[in-house]
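Visitor: You'll find protein_26.cif just under this line, and it carries mmCIF, C-alpha atoms and all ligand atoms.
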data_start
loop_
_atom_site.group_PDB
_atom_site.id
_atom_site.type_symbol
_atom_site.label_atom_id
_atom_site.label_comp_id
_atom_site.auth_asym_id
_atom_site.auth_seq_id
_atom_site.Cartn_x
_atom_site.Cartn_y
_atom_site.Cartn_z
ATOM 1 C CA SER A 210 -250.308 -99.475 -10.275
ATOM 2 C CA LYS A 211 -246.623 -100.165 -9.995
ATOM 3 C CA PRO A 212 -244.869 -100.451 -6.629
ATOM 4 C CA LEU A 213 -243.082 -97.314 -5.434
ATOM 5 C CA ASN A 214 -239.345 -97.642 -4.843
ATOM 6 C CA LEU A 215 -236.553 -95.677 -3.181
ATOM 7 C CA GLY A 216 -235.783 -93.854 -6.409
ATOM 8 C CA ASP A 217 -239.359 -92.574 -6.512
ATOM 9 C CA PHE A 218 -238.989 -91.144 -2.997
ATOM 10 C CA ARG A 219 -235.693 -89.471 -3.878
ATOM 11 C CA THR A 220 -237.386 -87.978 -6.945
ATOM 12 C CA MET A 221 -240.275 -86.753 -4.810
ATOM 13 C CA ARG A 222 -237.820 -85.080 -2.438
ATOM 14 C CA ALA A 223 -236.021 -83.459 -5.376
ATOM 15 C CA ASN A 224 -239.269 -82.281 -6.969
ATOM 16 C CA GLY A 225 -240.832 -81.035 -3.760
ATOM 17 C CA GLU A 226 -243.741 -83.484 -3.949
ATOM 18 C CA ALA A 227 -244.755 -84.267 -0.381
ATOM 19 C CA ILE A 228 -244.732 -87.953 0.597
ATOM 20 C CA ALA A 229 -248.012 -89.036 2.239
ATOM 21 C CA CYS A 230 -247.488 -91.736 4.860
ATOM 22 C CA LEU A 231 -249.727 -93.453 7.416
ATOM 23 C CA THR A 232 -249.467 -96.409 9.728
ATOM 24 C CA ALA A 233 -251.580 -99.497 9.065
ATOM 25 C CA TYR A 234 -251.656 -102.899 10.679
ATOM 26 C CA ASP A 235 -254.100 -104.976 8.667
ATOM 27 C CA ALA A 236 -255.343 -105.743 5.153
ATOM 28 C CA ALA A 237 -258.580 -103.748 5.102
ATOM 29 C CA PHE A 238 -257.167 -100.432 6.312
ATOM 30 C CA ALA A 239 -254.030 -100.849 4.218
ATOM 31 C CA ALA A 240 -256.154 -101.398 1.092
ATOM 32 C CA ALA A 241 -258.223 -98.303 1.898
ATOM 33 C CA GLN A 242 -254.998 -96.331 2.263
ATOM 34 C CA GLU A 243 -253.726 -97.558 -1.081
ATOM 35 C CA ALA A 244 -257.036 -96.592 -2.698
ATOM 36 C CA ALA A 245 -256.702 -93.121 -1.140
ATOM 37 C CA GLY A 246 -253.228 -92.626 -2.610
ATOM 38 C CA VAL A 247 -251.037 -93.162 0.458
ATOM 39 C CA ASP A 248 -247.409 -93.523 -0.698
ATOM 40 C CA LEU A 249 -245.833 -95.232 2.301
ATOM 41 C CA ILE A 250 -247.380 -97.500 4.930
ATOM 42 C CA LEU A 251 -245.573 -98.023 8.219
ATOM 43 C CA VAL A 252 -246.350 -101.107 10.257
ATOM 44 C CA GLY A 253 -245.351 -99.237 13.378
ATOM 45 C CA ASP A 254 -244.657 -100.625 16.810
ATOM 46 C CA SER A 255 -247.393 -98.146 17.773
ATOM 47 C CA LEU A 256 -249.465 -101.307 17.281
ATOM 48 C CA GLY A 257 -248.477 -102.106 20.853
ATOM 49 C CA MET A 258 -250.669 -99.205 21.943
ATOM 50 C CA VAL A 259 -253.462 -98.914 19.352
ATOM 51 C CA ILE A 260 -253.919 -102.656 18.654
ATOM 52 C CA GLN A 261 -252.648 -104.435 21.754
ATOM 53 C CA GLY A 262 -253.630 -101.896 24.407
ATOM 54 C CA HIS A 263 -250.246 -101.458 26.067
ATOM 55 C CA ARG A 264 -249.324 -98.024 27.400
ATOM 56 C CA SER A 265 -246.085 -97.897 25.426
ATOM 57 C CA THR A 266 -244.382 -99.627 22.495
ATOM 58 C CA VAL A 267 -241.909 -101.404 24.786
ATOM 59 C CA PRO A 268 -243.751 -104.778 24.971
ATOM 60 C CA VAL A 269 -243.935 -105.250 21.179
ATOM 61 C CA ALA A 270 -242.107 -108.303 19.775
ATOM 62 C CA VAL A 271 -240.647 -108.899 16.324
ATOM 63 C CA ASP A 272 -243.262 -111.640 15.865
ATOM 64 C CA ASP A 273 -246.021 -109.034 16.352
ATOM 65 C CA ILE A 274 -244.537 -106.781 13.658
ATOM 66 C CA LEU A 275 -244.057 -109.820 11.439
ATOM 67 C CA TYR A 276 -247.723 -110.824 11.729
ATOM 68 C CA HIS A 277 -249.086 -107.333 11.042
ATOM 69 C CA THR A 278 -246.627 -106.671 8.217
ATOM 70 C CA ARG A 279 -247.831 -109.844 6.494
ATOM 71 C CA CYS A 280 -251.430 -108.663 6.876
ATOM 72 C CA VAL A 281 -250.521 -105.373 5.188
ATOM 73 C CA THR A 282 -248.193 -106.520 2.407
ATOM 74 C CA ARG A 283 -250.654 -109.152 1.194
ATOM 75 C CA SER A 284 -253.217 -106.467 0.457
ATOM 76 C CA VAL A 285 -251.286 -103.624 -1.206
ATOM 77 C CA THR A 286 -249.261 -103.121 -4.383
ATOM 78 C CA ARG A 287 -248.211 -99.492 -4.805
ATOM 79 C CA PRO A 288 -247.360 -98.287 -1.283
ATOM 80 C CA TRP A 289 -243.836 -98.779 0.084
ATOM 81 C CA VAL A 290 -244.229 -100.867 3.253
ATOM 82 C CA VAL A 291 -241.909 -100.151 6.171
ATOM 83 C CA ALA A 292 -241.730 -102.455 9.208
ATOM 84 C CA ASP A 293 -240.644 -101.169 12.614
ATOM 85 C CA MET A 294 -237.773 -102.781 14.504
ATOM 86 C CA PRO A 295 -239.218 -103.139 18.020
ATOM 87 C CA PHE A 296 -237.531 -102.526 21.377
ATOM 88 C CA LEU A 297 -234.321 -104.608 21.806
ATOM 89 C CA SER A 298 -234.462 -106.024 18.279
ATOM 90 C CA VAL A 299 -231.555 -103.698 17.447
ATOM 91 C CA ARG A 300 -229.492 -104.734 20.471
ATOM 92 C CA SER A 301 -226.590 -105.793 18.248
ATOM 93 C CA PRO A 302 -225.856 -105.404 14.537
ATOM 94 C CA ASP A 303 -225.960 -109.182 13.975
ATOM 95 C CA TYR A 304 -229.234 -109.648 15.814
ATOM 96 C CA ALA A 305 -230.761 -106.686 13.990
ATOM 97 C CA VAL A 306 -229.746 -108.114 10.601
ATOM 98 C CA GLU A 307 -231.362 -111.441 11.533
ATOM 99 C CA GLN A 308 -234.623 -109.855 12.643
ATOM 100 C CA ALA A 309 -234.801 -107.350 9.781
ATOM 101 C CA GLY A 310 -234.126 -110.269 7.452
ATOM 102 C CA ARG A 311 -237.210 -112.025 8.845
ATOM 103 C CA LEU A 312 -239.326 -108.909 8.276
ATOM 104 C CA MET A 313 -238.209 -108.764 4.645
ATOM 105 C CA GLN A 314 -238.161 -112.480 3.822
ATOM 106 C CA GLU A 315 -241.136 -113.724 5.838
ATOM 107 C CA ALA A 316 -243.367 -110.633 5.674
ATOM 108 C CA ASP A 317 -242.255 -108.865 2.482
ATOM 109 C CA ALA A 318 -241.338 -105.554 4.150
ATOM 110 C CA ALA A 319 -239.475 -103.205 1.791
ATOM 111 C CA MET A 320 -237.644 -101.305 4.543
ATOM 112 C CA VAL A 321 -237.101 -101.374 8.284
ATOM 113 C CA LYS A 322 -237.179 -98.395 10.653
ATOM 114 C CA LEU A 323 -235.061 -98.253 13.773
ATOM 115 C CA GLU A 324 -234.784 -96.182 16.896
ATOM 116 C CA GLY A 325 -231.664 -96.498 19.014
ATOM 117 C CA GLY A 326 -228.931 -94.848 21.039
ATOM 118 C CA GLU A 327 -225.191 -94.738 20.522
ATOM 119 C CA SER A 328 -225.208 -97.977 18.523
ATOM 120 C CA GLN A 329 -227.910 -96.820 16.088
ATOM 121 C CA VAL A 330 -225.416 -95.860 13.361
ATOM 122 C CA ASP A 331 -223.508 -99.159 13.617
ATOM 123 C CA VAL A 332 -226.754 -101.122 13.402
ATOM 124 C CA ALA A 333 -227.926 -99.056 10.428
ATOM 125 C CA ARG A 334 -224.584 -99.705 8.692
ATOM 126 C CA ALA A 335 -224.834 -103.459 9.269
ATOM 127 C CA LEU A 336 -228.369 -103.505 7.833
ATOM 128 C CA ALA A 337 -227.424 -101.330 4.858
ATOM 129 C CA ASP A 338 -224.361 -103.510 4.154
ATOM 130 C CA GLN A 339 -226.704 -106.469 3.769
ATOM 131 C CA GLY A 340 -228.845 -104.560 1.296
ATOM 132 C CA ILE A 341 -231.664 -103.879 3.722
ATOM 133 C CA PRO A 342 -233.310 -100.487 3.124
ATOM 134 C CA VAL A 343 -233.122 -98.482 6.364
ATOM 135 C CA CYS A 344 -235.053 -95.582 7.877
ATOM 136 C CA GLY A 345 -233.517 -93.987 10.980
ATOM 137 C CA HIS A 346 -236.008 -92.718 13.582
ATOM 138 C CA LEU A 347 -234.781 -89.595 15.420
ATOM 139 C CA GLY A 348 -236.181 -86.997 17.799
ATOM 140 C CA LEU A 349 -238.714 -88.528 20.123
ATOM 141 C CA GLN A 350 -238.041 -92.252 20.303
ATOM 142 C CA PRO A 351 -241.149 -93.739 21.941
ATOM 143 C CA GLN A 352 -239.212 -96.887 22.923
ATOM 144 C CA LEU A 353 -237.517 -94.638 25.537
ATOM 145 C CA PHE A 354 -240.906 -94.188 27.283
ATOM 146 C CA TYR A 355 -239.561 -95.297 30.661
ATOM 147 C CA LYS A 356 -236.233 -93.458 30.299
ATOM 148 C CA LEU A 357 -237.911 -90.199 29.295
ATOM 149 C CA GLY A 358 -240.831 -90.459 31.698
ATOM 150 C CA GLY A 359 -243.378 -90.149 28.901
ATOM 151 C CA PHE A 360 -243.585 -88.710 25.407
ATOM 152 C CA LYS A 361 -241.943 -85.278 25.124
ATOM 153 C CA VAL A 362 -240.670 -82.921 22.433
ATOM 154 C CA GLN A 363 -236.964 -83.518 21.757
ATOM 155 C CA GLY A 364 -234.198 -81.223 20.513
ATOM 156 C CA ARG A 365 -235.367 -77.986 22.125
ATOM 157 C CA GLU A 366 -231.892 -77.029 23.394
ATOM 158 C CA ALA A 367 -229.199 -76.129 20.864
ATOM 159 C CA GLU A 368 -226.979 -79.032 21.863
ATOM 160 C CA ALA A 369 -229.763 -81.597 21.576
ATOM 161 C CA ALA A 370 -230.849 -80.107 18.245
ATOM 162 C CA GLN A 371 -227.298 -80.382 16.897
ATOM 163 C CA ALA A 372 -227.058 -83.966 18.112
ATOM 164 C CA ILE A 373 -230.133 -84.863 16.052
ATOM 165 C CA VAL A 374 -228.711 -83.207 12.918
ATOM 166 C CA ASP A 375 -225.347 -84.918 13.450
ATOM 167 C CA ARG A 376 -227.008 -88.301 13.928
ATOM 168 C CA ALA A 377 -229.068 -87.847 10.772
ATOM 169 C CA LYS A 378 -225.894 -87.141 8.791
ATOM 170 C CA ALA A 379 -224.130 -90.141 10.326
ATOM 171 C CA LEU A 380 -227.087 -92.384 9.502
ATOM 172 C CA GLU A 381 -227.099 -91.268 5.882
ATOM 173 C CA GLN A 382 -223.347 -91.864 5.706
ATOM 174 C CA ALA A 383 -223.888 -95.344 7.154
ATOM 175 C CA GLY A 384 -226.294 -96.110 4.338
ATOM 176 C CA ALA A 385 -229.736 -95.101 5.629
ATOM 177 C CA ASP A 386 -232.177 -94.285 2.828
ATOM 178 C CA MET A 387 -234.705 -92.276 4.826
ATOM 179 C CA ILE A 388 -234.971 -90.358 8.100
ATOM 180 C CA LEU A 389 -238.054 -90.076 10.292
ATOM 181 C CA LEU A 390 -238.254 -87.177 12.738
ATOM 182 C CA GLU A 391 -240.754 -87.293 15.589
ATOM 183 C CA CYS A 392 -241.748 -84.389 17.848
ATOM 184 C CA VAL A 393 -238.971 -81.916 17.195
ATOM 185 C CA PRO A 394 -239.097 -78.134 16.747
ATOM 186 C CA ASN A 395 -239.594 -77.061 13.119
ATOM 187 C CA ALA A 396 -236.071 -75.618 12.998
ATOM 188 C CA VAL A 397 -234.550 -79.006 13.816
ATOM 189 C CA THR A 398 -236.364 -80.523 10.843
ATOM 190 C CA GLN A 399 -235.052 -77.723 8.666
ATOM 191 C CA GLY A 400 -231.531 -78.469 9.926
ATOM 192 C CA VAL A 401 -231.855 -82.171 9.110
ATOM 193 C CA VAL A 402 -233.277 -81.412 5.656
ATOM 194 C CA GLU A 403 -230.337 -79.121 4.896
ATOM 195 C CA ALA A 404 -227.723 -81.551 6.248
ATOM 196 C CA THR A 405 -228.937 -84.673 4.420
ATOM 197 C CA SER A 406 -229.973 -85.734 0.936
ATOM 198 C CA VAL A 407 -232.405 -88.551 1.774
ATOM 199 C CA PRO A 408 -236.171 -88.058 2.149
ATOM 200 C CA VAL A 409 -237.116 -86.813 5.634
ATOM 201 C CA ILE A 410 -240.532 -87.825 6.979
ATOM 202 C CA GLY A 411 -242.000 -85.893 9.905
ATOM 203 C CA ILE A 412 -244.547 -86.460 12.649
ATOM 204 C CA GLY A 413 -244.969 -83.445 14.874
ATOM 205 C CA ALA A 414 -241.900 -82.091 13.092
ATOM 206 C CA GLY A 415 -243.434 -79.203 11.154
ATOM 207 C CA PRO A 416 -243.795 -78.315 7.496
ATOM 208 C CA HIS A 417 -240.140 -78.599 6.372
ATOM 209 C CA ALA A 418 -240.094 -82.409 6.104
ATOM 210 C CA HIS A 419 -240.430 -84.044 2.671
ATOM 211 C CA GLY A 420 -243.326 -86.116 3.903
ATOM 212 C CA GLN A 421 -245.709 -86.537 6.807
ATOM 213 C CA ILE A 422 -246.868 -89.533 8.798
ATOM 214 C CA LEU A 423 -249.552 -90.051 11.426
ATOM 215 C CA VAL A 424 -250.771 -93.033 13.392
ATOM 216 C CA MET A 425 -253.929 -94.078 11.548
ATOM 217 C CA HIS A 426 -256.016 -94.381 14.702
ATOM 218 C CA ASP A 427 -255.094 -90.826 15.736
ATOM 219 C CA MET A 428 -256.142 -89.196 12.459
ATOM 220 C CA LEU A 429 -259.362 -91.259 12.418
ATOM 221 C CA ASN A 430 -259.982 -90.101 15.998
ATOM 222 C CA VAL A 431 -260.515 -93.590 17.349
ATOM 223 C CA THR A 432 -257.732 -93.409 19.934
ATOM 224 C CA THR A 433 -258.770 -92.745 23.504
ATOM 225 C CA GLY A 434 -257.286 -90.079 25.751
ATOM 226 C CA ARG A 435 -255.500 -86.850 24.973
ATOM 227 C CA LYS A 436 -254.040 -86.636 21.481
ATOM 228 C CA PRO A 437 -250.743 -84.904 20.703
ATOM 229 C CA ARG A 438 -251.104 -81.377 19.278
ATOM 230 C CA PHE A 439 -249.743 -82.368 15.855
ATOM 231 C CA VAL A 440 -252.649 -84.760 15.245
ATOM 232 C CA LYS A 441 -255.518 -83.629 13.063
ATOM 233 C CA ASP A 442 -258.870 -85.417 13.111
ATOM 234 C CA PHE A 443 -259.558 -86.142 9.435
ATOM 235 C CA MET A 444 -262.643 -88.211 10.244
ATOM 236 C CA ALA A 445 -264.539 -85.209 11.629
ATOM 237 C CA GLU A 446 -264.741 -83.402 8.303
ATOM 238 C CA THR A 447 -265.123 -86.441 6.034
ATOM 239 C CA GLY A 448 -267.236 -88.954 7.948
ATOM 240 C CA GLY A 449 -265.686 -92.033 6.346
ATOM 241 C CA VAL A 450 -262.471 -93.997 6.601
ATOM 242 C CA GLU A 451 -261.366 -93.873 2.955
ATOM 243 C CA ALA A 452 -262.487 -90.235 2.629
ATOM 244 C CA ALA A 453 -260.437 -89.367 5.705
ATOM 245 C CA PHE A 454 -257.361 -91.053 4.214
ATOM 246 C CA ALA A 455 -257.949 -89.219 0.915
ATOM 247 C CA ALA A 456 -258.329 -85.849 2.670
ATOM 248 C CA TYR A 457 -255.097 -86.508 4.544
ATOM 249 C CA VAL A 458 -253.234 -87.337 1.311
ATOM 250 C CA ARG A 459 -254.663 -84.223 -0.355
ATOM 251 C CA GLU A 460 -253.686 -81.947 2.537
ATOM 252 C CA VAL A 461 -250.187 -83.393 2.856
ATOM 253 C CA LYS A 462 -249.614 -83.031 -0.892
ATOM 254 C CA SER A 463 -250.943 -79.450 -0.960
ATOM 255 C CA GLY A 464 -249.152 -78.422 2.220
ATOM 256 C CA ALA A 465 -252.448 -77.651 3.983
ATOM 257 C CA TYR A 466 -251.361 -80.146 6.662
ATOM 258 C CA PRO A 467 -249.457 -79.583 8.883
ATOM 259 C CA GLN A 468 -250.398 -76.068 9.973
ATOM 260 C CA PRO A 469 -248.129 -74.116 12.362
ATOM 261 C CA THR A 470 -250.463 -75.072 15.227
ATOM 262 C CA HIS A 471 -249.608 -78.743 14.595
ATOM 263 C CA GLY A 472 -245.885 -78.184 15.114
ATOM 264 C CA PHE A 473 -243.418 -77.005 17.741
ATOM 265 C CA GLY A 474 -241.826 -73.584 17.370
HETATM 266 O O1 LIG A 501 -244.746 -96.809 15.486
HETATM 267 C C1 LIG A 501 -245.140 -95.835 14.837
HETATM 268 O O2 LIG A 501 -246.319 -95.700 14.473
HETATM 269 C C2 LIG A 501 -244.154 -94.818 14.501
HETATM 270 C C3 LIG A 501 -244.690 -93.541 13.960
HETATM 271 C C4 LIG A 501 -245.272 -92.739 15.073
HETATM 272 C C5 LIG A 501 -243.667 -92.767 13.231
HETATM 273 O O3 LIG A 501 -242.990 -95.017 14.682
HETATM 274 NA NA NA A 502 -242.561 -96.785 16.004
#
Since I need it in another form, could you write the structure as structure tokens?

Guide:
Amino acid sequence: SKPLNLGDFRTMRANGEAIACLTAYDAAFAAAQEAAGVDLILVGDSLGMVIQGHRSTVPVAVDDILYHTRCVTRSVTRPWVVADMPFLSVRSPDYAVEQAGRLMQEADAAMVKLEGGESQVDVARALADQGIPVCGHLGLQPQLFYKLGGFKVQGREAEAAQAIVDRAKALEQAGADMILLECVPNAVTQGVVEATSVPVIGIGAGPHAHGQILVMHDMLNVTTGRKPRFVKDFMAETGGVEAAFAAYVREVKSGAYPQPTHGFG
């Protein structure tokens, strides 16, 4: 079927149809996700952990994202494929444009997603000015692993919550087409949804987002160690990879996932 585009995601937001998103890093799993009806595939820098075995996403290089994005885009037609901008690839607007350009031109990514501090809005604007579709990643930014001392819920205090909402607005104004919120209280997601008009995708961000995303390995329960509370094991009740993806899509679309127990109050 025909490739999804940004207009389709805006329509889904407007119509209240939840956007079902997963990460994938290779052709076989990406194809299974397409067959299961996944709308958006993120080639996340989480590959540094689930594929490469690092303890954070910090060591991931643009070349790694490039390789895995190629593996994914070759095998799918309908899903919108987003490539992550890894640590330090957004260190300046010019450098970010160069690297995002590689992800689009050499790996056929449709959009890039970026974390970032004070300069995040300027980088997003530079990318958008070049016609590069942009998703801003707010809340928990895993690339701050060493600064934060681990992975923690963000935006619990009123000031921090407001900063996330303000940043989301600034990103949209700069030309971002999508916002991803990771590990924030449900109320922060609600605030971002009310303050913006682009689709908002959540992970550990509660039920108010317009779409949900999980790291594929987490929802298939093949990651080792303690899993975050927002993860649901879709393999347990289905027993197969494609069935697990399909159950995930069904539950995201129906609103059965996420439950309150998967979010932060
Ligand atoms: O890298 C990744 O997989 C991500 C998701 C957790 C949103 O950024
Ligand atoms: Na990421």

Visitor: Counting all atoms listed in the file, name the residues that have an atom within 7 Å of an atom of ligand LIG 501 (chain A); the answer should be given as a count of residues only.

Guide: 14

Visitor: Looking at all atoms listed in the file, which of A:Gln352, A:Ala377, A:Gly472, A:Thr432 is the one that sits closest to Ala396 in chain A?

Guide: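 Distance minimum relative to Ala396 in chain A lands on A:Gly472.
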
Visitor: I want to know what sits within 12 Å of range 213-226 of chain A, based on only C-alpha atoms, with residues of the same chain fewer than 2 positions away left out; could you give that as a ChimeraX atom specification?

Guide: /A:210-211,228-230,243,246-250,285-291,319-320,341-344,385-388,402,405-410,416-421,458-464

Visitor: Go through A:Cys280, A:Ala309, A:Ala316, A:Leu353 one by one, measure the shortest atom-to-atom distance of each to ligand NA 502 (chain A) using all atoms listed in the file, and give the residue with the smallest value.

Guide: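 The answer is A:Leu353, which sits nearest to ligand NA 502 (chain A).
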
Visitor: Written as JSON, numbers by chain, what is the full residue list that the PyMOL selection byres (((chain A and resi 380) around 12) and not hetatm) yields on the file shown?

Guide: {"A": [322, 323, 324, 325, 326, 327, 328, 329, 330, 331, 332, 333, 334, 335, 336, 337, 343, 344, 345, 346, 347, 373, 374, 375, 376, 377, 378, 379, 381, 382, 383, 384, 385, 386, 387, 388, 389, 401, 404, 405, 406, 407]}

Visitor: Tell me which protein, DNA and RNA residues are within 12 Å of Phe354 in chain A, counting only C-alpha atoms, leaving out same-chain ones fewer than 2 positions away, and put them as an mmCIF file with C-alpha atoms, in the coordinates of the input.

Guide:
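Full text of result.cif as output:
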data_model
loop_
_atom_site.group_PDB
_atom_site.id
_atom_site.type_symbol
_atom_site.label_atom_id
_atom_site.label_comp_id
_atom_site.auth_asym_id
_atom_site.auth_seq_id
_atom_site.Cartn_x
_atom_site.Cartn_y
_atom_site.Cartn_z
ATOM 1 C CA HIS A 263 -250.246 -101.458 26.067
ATOM 2 C CA ARG A 264 -249.324 -98.024 27.400
ATOM 3 C CA SER A 265 -246.085 -97.897 25.426
ATOM 4 C CA THR A 266 -244.382 -99.627 22.495
ATOM 5 C CA VAL A 267 -241.909 -101.404 24.786
ATOM 6 C CA PRO A 268 -243.751 -104.778 24.971
ATOM 7 C CA PHE A 296 -237.531 -102.526 21.377
ATOM 8 C CA LEU A 349 -238.714 -88.528 20.123
ATOM 9 C CA GLN A 350 -238.041 -92.252 20.303
ATOM 10 C CA PRO A 351 -241.149 -93.739 21.941
ATOM 11 C CA GLN A 352 -239.212 -96.887 22.923
ATOM 12 C CA LYS A 356 -236.233 -93.458 30.299
ATOM 13 C CA LEU A 357 -237.911 -90.199 29.295
ATOM 14 C CA GLY A 358 -240.831 -90.459 31.698
ATOM 15 C CA GLY A 359 -243.378 -90.149 28.901
ATOM 16 C CA PHE A 360 -243.585 -88.710 25.407
ATOM 17 C CA LYS A 361 -241.943 -85.278 25.124
#

Visitor: Report, in Å with one decimal, the straight-line distance from CA of Met428 in chain A to CA of Phe443 in chain A.

Guide: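 Straight-line distance from CA of Met428 in chain A to CA of Phe443 in chain A works out to 5.5 Å.
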
Visitor: Smallest atom-to-atom distance to Glu451 in chain A: which of A:Gln399, A:Asp338, A:Gln242, A:Asp235, using only C-alpha atoms?

Guide: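 Result for the nearest residue to Glu451 in chain A: A:Gln242.
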
Visitor: Save range 327-394 of chain A of the structure in the block above to a file, with C-alpha atoms included, as a PDB file, in the first residue's frame.

Guide:
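Output below, filename part_6.pdb:
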ATOM      1  CA  GLU A 327      19.563  24.935  24.439  1.00  0.00           C
ATOM      2  CA  SER A 328      20.516  24.692  20.762  1.00  0.00           C
ATOM      3  CA  GLN A 329      17.817  22.128  19.916  1.00  0.00           C
ATOM      4  CA  VAL A 330      15.412  24.733  18.496  1.00  0.00           C
ATOM      5  CA  ASP A 331      18.096  26.368  16.324  1.00  0.00           C
ATOM      6  CA  VAL A 332      19.140  22.978  14.958  1.00  0.00           C
ATOM      7  CA  ALA A 333      15.519  22.021  14.282  1.00  0.00           C
ATOM      8  CA  ARG A 334      15.016  25.327  12.433  1.00  0.00           C
ATOM      9  CA  ALA A 335      18.101  24.771  10.274  1.00  0.00           C
ATOM     10  CA  LEU A 336      16.902  21.266   9.358  1.00  0.00           C
ATOM     11  CA  ALA A 337      13.346  22.426   8.664  1.00  0.00           C
ATOM     12  CA  ASP A 338      14.639  25.316   6.518  1.00  0.00           C
ATOM     13  CA  GLN A 339      16.344  22.751   4.304  1.00  0.00           C
ATOM     14  CA  GLY A 340      13.116  20.808   3.924  1.00  0.00           C
ATOM     15  CA  ILE A 341      14.108  18.015   6.272  1.00  0.00           C
ATOM     16  CA  PRO A 342      11.140  16.654   8.249  1.00  0.00           C
ATOM     17  CA  VAL A 343      11.944  16.951  11.966  1.00  0.00           C
ATOM     18  CA  CYS A 344      10.769  15.234  15.143  1.00  0.00           C
ATOM     19  CA  GLY A 345      11.867  16.845  18.419  1.00  0.00           C
ATOM     20  CA  HIS A 346      12.579  14.422  21.285  1.00  0.00           C
ATOM     21  CA  LEU A 347      11.682  15.866  24.713  1.00  0.00           C
ATOM     22  CA  GLY A 348      11.358  14.640  28.286  1.00  0.00           C
ATOM     23  CA  LEU A 349      13.892  11.957  29.023  1.00  0.00           C
ATOM     24  CA  GLN A 350      16.744  12.329  26.557  1.00  0.00           C
ATOM     25  CA  PRO A 351      18.734   9.087  26.854  1.00  0.00           C
ATOM     26  CA  GLN A 352      21.812  10.752  25.310  1.00  0.00           C
ATOM     27  CA  LEU A 353      22.111  12.580  28.676  1.00  0.00           C
ATOM     28  CA  PHE A 354      22.761   9.211  30.398  1.00  0.00           C
ATOM     29  CA  TYR A 355      25.984  10.412  32.018  1.00  0.00           C
ATOM     30  CA  LYS A 356      24.637  13.880  32.877  1.00  0.00           C
ATOM     31  CA  LEU A 357      21.481  12.484  34.471  1.00  0.00           C
ATOM     32  CA  GLY A 358      23.128   9.516  36.158  1.00  0.00           C
ATOM     33  CA  GLY A 359      20.800   7.045  34.459  1.00  0.00           C
ATOM     34  CA  PHE A 360      17.338   7.007  32.934  1.00  0.00           C
ATOM     35  CA  LYS A 361      14.782   8.921  35.022  1.00  0.00           C
ATOM     36  CA  VAL A 362      11.314  10.419  34.644  1.00  0.00           C
ATOM     37  CA  GLN A 363      11.531  14.076  33.580  1.00  0.00           C
ATOM     38  CA  GLY A 364       9.208  17.035  34.141  1.00  0.00           C
ATOM     39  CA  ARG A 365       7.909  16.103  37.589  1.00  0.00           C
ATOM     40  CA  GLU A 366       8.333  19.623  39.014  1.00  0.00           C
ATOM     41  CA  ALA A 367       6.123  22.418  37.685  1.00  0.00           C
ATOM     42  CA  GLU A 368       9.055  24.384  36.310  1.00  0.00           C
ATOM     43  CA  ALA A 369      10.514  21.409  34.457  1.00  0.00           C
ATOM     44  CA  ALA A 370       7.067  20.497  33.122  1.00  0.00           C
ATOM     45  CA  GLN A 371       6.577  24.035  31.802  1.00  0.00           C
ATOM     46  CA  ALA A 372      10.014  23.970  30.201  1.00  0.00           C
ATOM     47  CA  ILE A 373       9.027  20.866  28.227  1.00  0.00           C
ATOM     48  CA  VAL A 374       5.768  22.463  27.039  1.00  0.00           C
ATOM     49  CA  ASP A 375       7.598  25.671  26.098  1.00  0.00           C
ATOM     50  CA  ARG A 376      10.251  23.739  24.185  1.00  0.00           C
ATOM     51  CA  ALA A 377       7.605  21.771  22.304  1.00  0.00           C
ATOM     52  CA  LYS A 378       5.946  25.022  21.220  1.00  0.00           C
ATOM     53  CA  ALA A 379       9.286  26.517  20.185  1.00  0.00           C
ATOM     54  CA  LEU A 380      10.131  23.404  18.173  1.00  0.00           C
ATOM     55  CA  GLU A 381       6.828  23.536  16.325  1.00  0.00           C
ATOM     56  CA  GLN A 382       7.391  27.232  15.622  1.00  0.00           C
ATOM     57  CA  ALA A 383      10.860  26.393  14.295  1.00  0.00           C
ATOM     58  CA  GLY A 384       9.304  23.977  11.835  1.00  0.00           C
ATOM     59  CA  ALA A 385       9.234  20.607  13.615  1.00  0.00           C
ATOM     60  CA  ASP A 386       6.546  18.282  12.259  1.00  0.00           C
ATOM     61  CA  MET A 387       6.305  15.891  15.199  1.00  0.00           C
ATOM     62  CA  ILE A 388       7.166  15.728  18.901  1.00  0.00           C
ATOM     63  CA  LEU A 389       8.265  12.644  20.816  1.00  0.00           C
ATOM     64  CA  LEU A 390       7.852  12.638  24.592  1.00  0.00           C
ATOM     65  CA  GLU A 391       9.733  10.094  26.684  1.00  0.00           C
ATOM     66  CA  CYS A 392       9.132   9.299  30.362  1.00  0.00           C
ATOM     67  CA  VAL A 393       7.090  12.274  31.472  1.00  0.00           C
ATOM     68  CA  PRO A 394       4.049  12.457  33.760  1.00  0.00           C
TER      69      PRO A 394
END
